[in-house]
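To keep things clear, I will list the structure first and then write my remarks on it.
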Amino acid sequence: RQPLAAGALGIAALFGYHALYFIALKNAPAVEANLINYLWPLLIVVFAALFGGARVRAGQWLGTALGLAAAVLLVTRGGRVQVDPSHLPGYAAALGAALVWALYSVLNRRFEAVPSAAMAGSCLAVGVLGGIAHLALETTVLPTAGQGALILLLGLGPTGIAFWLWDIGTKRGDIAVLGTLSYAAPLLSTGLLLAFGQATPHWTQAVAVALLLLGAWLSVRAKKGSE
């Protein structure tokens, strides 16, 4: 049981974000689409300052900017970004995804009293909506038994836990610090790819780590200085 507004926010945000992100990847190159999508941590800090009731200090702004620079380095590997006008629909969808997730993260704080276990209901509703959208818009390709088991484990494990922890963080944590630390996501994914031999080491990864650590330190330091 939860307020209707809380459930509506969770369902609309989870479904809207993923739908827009998938549309972006289908209509724009992955590098550019991911770069635009990674604006959401910065937008979280902006929205927290504008209408989230948070006081964002200079160190937190700088820390978030350094996190964005680290994400750019990781995604582009120091190369140039090619902006093709023919991919504008994909770019717009990626920006829409970033806006949706940032708004959800800031507005979710208004439902602090709603237990995070309620996320299970929102995820179930989003799964149903996703199934309907798939049947209406896509060609069905059934996974193998092994692939199906991995998808199930992914939902019950890392993805489900991530949604649950994000709900706790946005309701009870410092939203500005959370936005800065969110730039660890591309760093961690790159680290996993390296660990499993799916990516090659590059100098930009070391620089990105340094930028991210510096940004996180500045953001946390600014928070402690305000207490």
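How things are named: the first chain in the structure tokens is A, the next is B, and so on; residues count from 1 in each chain; ligands count from 1 in the order shown.
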Next on the checklist: List the spatial neighbours of segment 16-29 of chain A as a PyMOL selection string - criterion: any atom at most 8 Å away, only C-alpha atoms, same-chain residues fewer than 3 positions off excluded.
Outcome noted: chain A and resi 12-13+32-33+37+87-94+96-98+100-101
Produce a file of the selected residues containing C-alpha atoms, as a PDB file, in the first residue's frame.
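Listed below is the output, again.pdb:
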ATOM      1  CA  ALA A  12       6.123   6.597 -14.936  1.00  0.00           C
ATOM      2  CA  ALA A  13       9.794   7.228 -14.175  1.00  0.00           C
ATOM      3  CA  GLU A  32      26.770  10.016 -28.146  1.00  0.00           C
ATOM      4  CA  ALA A  33      23.560   8.579 -26.678  1.00  0.00           C
ATOM      5  CA  ASN A  37      22.193  10.125 -20.915  1.00  0.00           C
ATOM      6  CA  HIS A  87      20.377  11.273 -35.220  1.00  0.00           C
ATOM      7  CA  LEU A  88      18.542  14.153 -33.528  1.00  0.00           C
ATOM      8  CA  PRO A  89      15.555  11.948 -32.530  1.00  0.00           C
ATOM      9  CA  GLY A  90      17.944   9.631 -30.708  1.00  0.00           C
ATOM     10  CA  TYR A  91      19.728  12.536 -29.018  1.00  0.00           C
ATOM     11  CA  ALA A  92      16.369  13.971 -27.929  1.00  0.00           C
ATOM     12  CA  ALA A  93      15.326  10.612 -26.469  1.00  0.00           C
ATOM     13  CA  ALA A  94      18.610  10.346 -24.535  1.00  0.00           C
ATOM     14  CA  GLY A  96      14.544  12.941 -22.242  1.00  0.00           C
ATOM     15  CA  ALA A  97      15.782   9.871 -20.377  1.00  0.00           C
ATOM     16  CA  ALA A  98      18.265  11.979 -18.405  1.00  0.00           C
ATOM     17  CA  VAL A 100      13.097  11.815 -16.429  1.00  0.00           C
ATOM     18  CA  TRP A 101      15.578  10.063 -14.125  1.00  0.00           C
TER      19      TRP A 101
END
Next on the checklist: Taking 4 positions as the minimum chain separation for residues in the same chain, which residues sit within 12 Å of Thr64 of chain A when counting only C-alpha atoms? Answer as number ranges by chain.
Outcome noted: A: 38-46, 56-60, 68-71, 175-184, 211-220, 222
Would you export the selected residues with N, CA and C atoms as a compact mmCIF listing (two decimals), in the first residue's frame, please?
# COMPACT_ATOMS: atom_id res chain seq x y z
N TYR A 38 24.24 10.43 -19.62
CA TYR A 38 25.01 10.63 -18.38
C TYR A 38 24.94 12.06 -17.87
N LEU A 39 24.06 12.87 -18.45
CA LEU A 39 23.80 14.19 -17.87
C LEU A 39 22.90 14.09 -16.64
N TRP A 40 22.28 12.92 -16.41
CA TRP A 40 21.31 12.85 -15.32
C TRP A 40 21.91 13.11 -13.94
N PRO A 41 23.13 12.68 -13.61
CA PRO A 41 23.64 13.05 -12.28
C PRO A 41 23.81 14.57 -12.11
N LEU A 42 24.28 15.23 -13.18
CA LEU A 42 24.40 16.69 -13.12
C LEU A 42 23.03 17.34 -12.99
N LEU A 43 22.05 16.82 -13.72
CA LEU A 43 20.70 17.37 -13.64
C LEU A 43 20.09 17.16 -12.26
N ILE A 44 20.45 16.07 -11.60
CA ILE A 44 19.97 15.84 -10.23
C ILE A 44 20.42 16.99 -9.32
N VAL A 45 21.69 17.37 -9.44
CA VAL A 45 22.22 18.45 -8.62
C VAL A 45 21.52 19.77 -8.97
N VAL A 46 21.31 20.01 -10.27
CA VAL A 46 20.63 21.24 -10.69
C VAL A 46 19.21 21.29 -10.15
N VAL A 56 23.06 23.48 -2.42
CA VAL A 56 24.21 22.90 -3.12
C VAL A 56 25.38 23.87 -3.04
N ARG A 57 26.49 23.41 -2.47
CA ARG A 57 27.66 24.26 -2.28
C ARG A 57 28.60 24.18 -3.49
N ALA A 58 29.51 25.14 -3.53
CA ALA A 58 30.42 25.24 -4.68
C ALA A 58 31.22 23.96 -4.89
N GLY A 59 31.66 23.33 -3.81
CA GLY A 59 32.43 22.10 -3.92
C GLY A 59 31.62 20.98 -4.54
N GLN A 60 30.31 20.96 -4.28
CA GLN A 60 29.46 19.93 -4.86
C GLN A 60 29.22 20.18 -6.35
N LEU A 68 31.27 14.47 -14.45
CA LEU A 68 30.83 14.48 -15.85
C LEU A 68 32.03 14.39 -16.79
N ALA A 69 33.11 15.09 -16.47
CA ALA A 69 34.32 15.01 -17.29
C ALA A 69 34.88 13.59 -17.31
N ALA A 70 34.82 12.92 -16.16
CA ALA A 70 35.29 11.53 -16.09
C ALA A 70 34.43 10.62 -16.96
N ALA A 71 33.10 10.83 -16.93
CA ALA A 71 32.21 10.03 -17.77
C ALA A 71 32.49 10.26 -19.25
N ILE A 175 21.08 14.58 -1.60
CA ILE A 175 20.82 14.42 -3.03
C ILE A 175 21.96 14.98 -3.88
N ALA A 176 22.61 16.06 -3.42
CA ALA A 176 23.71 16.64 -4.19
C ALA A 176 24.92 15.70 -4.21
N VAL A 177 25.26 15.14 -3.06
CA VAL A 177 26.36 14.17 -3.00
C VAL A 177 26.03 12.93 -3.82
N LEU A 178 24.76 12.51 -3.74
CA LEU A 178 24.33 11.34 -4.50
C LEU A 178 24.51 11.55 -6.00
N GLY A 179 24.19 12.77 -6.46
CA GLY A 179 24.38 13.07 -7.88
C GLY A 179 25.83 12.97 -8.30
N THR A 180 26.73 13.51 -7.46
CA THR A 180 28.16 13.44 -7.77
C THR A 180 28.65 12.00 -7.80
N LEU A 181 28.30 11.23 -6.78
CA LEU A 181 28.78 9.86 -6.68
C LEU A 181 28.19 8.96 -7.76
N SER A 182 27.09 9.39 -8.38
CA SER A 182 26.47 8.58 -9.43
C SER A 182 27.39 8.40 -10.63
N TYR A 183 28.36 9.31 -10.79
CA TYR A 183 29.28 9.16 -11.92
C TYR A 183 30.24 7.99 -11.73
N ALA A 184 30.13 7.31 -10.60
CA ALA A 184 30.91 6.07 -10.44
C ALA A 184 30.34 4.95 -11.32
N LEU A 211 39.81 11.92 -11.72
CA LEU A 211 38.80 12.99 -11.73
C LEU A 211 37.60 12.64 -10.85
N LEU A 212 37.17 11.39 -10.93
CA LEU A 212 36.02 10.97 -10.15
C LEU A 212 36.33 10.99 -8.65
N LEU A 213 37.48 10.50 -8.27
CA LEU A 213 37.86 10.50 -6.85
C LEU A 213 37.98 11.93 -6.32
N LEU A 214 38.58 12.82 -7.12
CA LEU A 214 38.70 14.21 -6.72
C LEU A 214 37.32 14.85 -6.59
N GLY A 215 36.45 14.58 -7.56
CA GLY A 215 35.10 15.14 -7.52
C GLY A 215 34.32 14.64 -6.31
N ALA A 216 34.42 13.35 -6.02
CA ALA A 216 33.72 12.79 -4.86
C ALA A 216 34.25 13.39 -3.57
N TRP A 217 35.56 13.56 -3.48
CA TRP A 217 36.16 14.15 -2.28
C TRP A 217 35.68 15.59 -2.08
N LEU A 218 35.64 16.36 -3.15
CA LEU A 218 35.17 17.74 -3.05
C LEU A 218 33.71 17.81 -2.62
N SER A 219 32.89 16.93 -3.17
CA SER A 219 31.47 16.95 -2.85
C SER A 219 31.22 16.55 -1.40
N VAL A 220 31.86 15.48 -0.95
CA VAL A 220 31.68 15.03 0.43
C VAL A 220 32.26 16.05 1.39
N ALA A 222 32.46 19.26 0.93
CA ALA A 222 31.54 20.40 0.99
C ALA A 222 30.37 20.11 1.89
Next on the checklist: Just checking: using only C-alpha atoms, which residue out of A:Pro186, A:Val75, A:Leu103, A:Val83 ends up closest to Leu50 of chain A?
Outcome noted: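 With only C-alpha atoms as the atom set, the closest residue is A:Leu103.
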Item to check | Option closest in space to Lys171 of chain A, from A:Leu99, A:Leu62, A:Val141, A:Val106 [counting only C-alpha atoms] | outcome: A:Val106
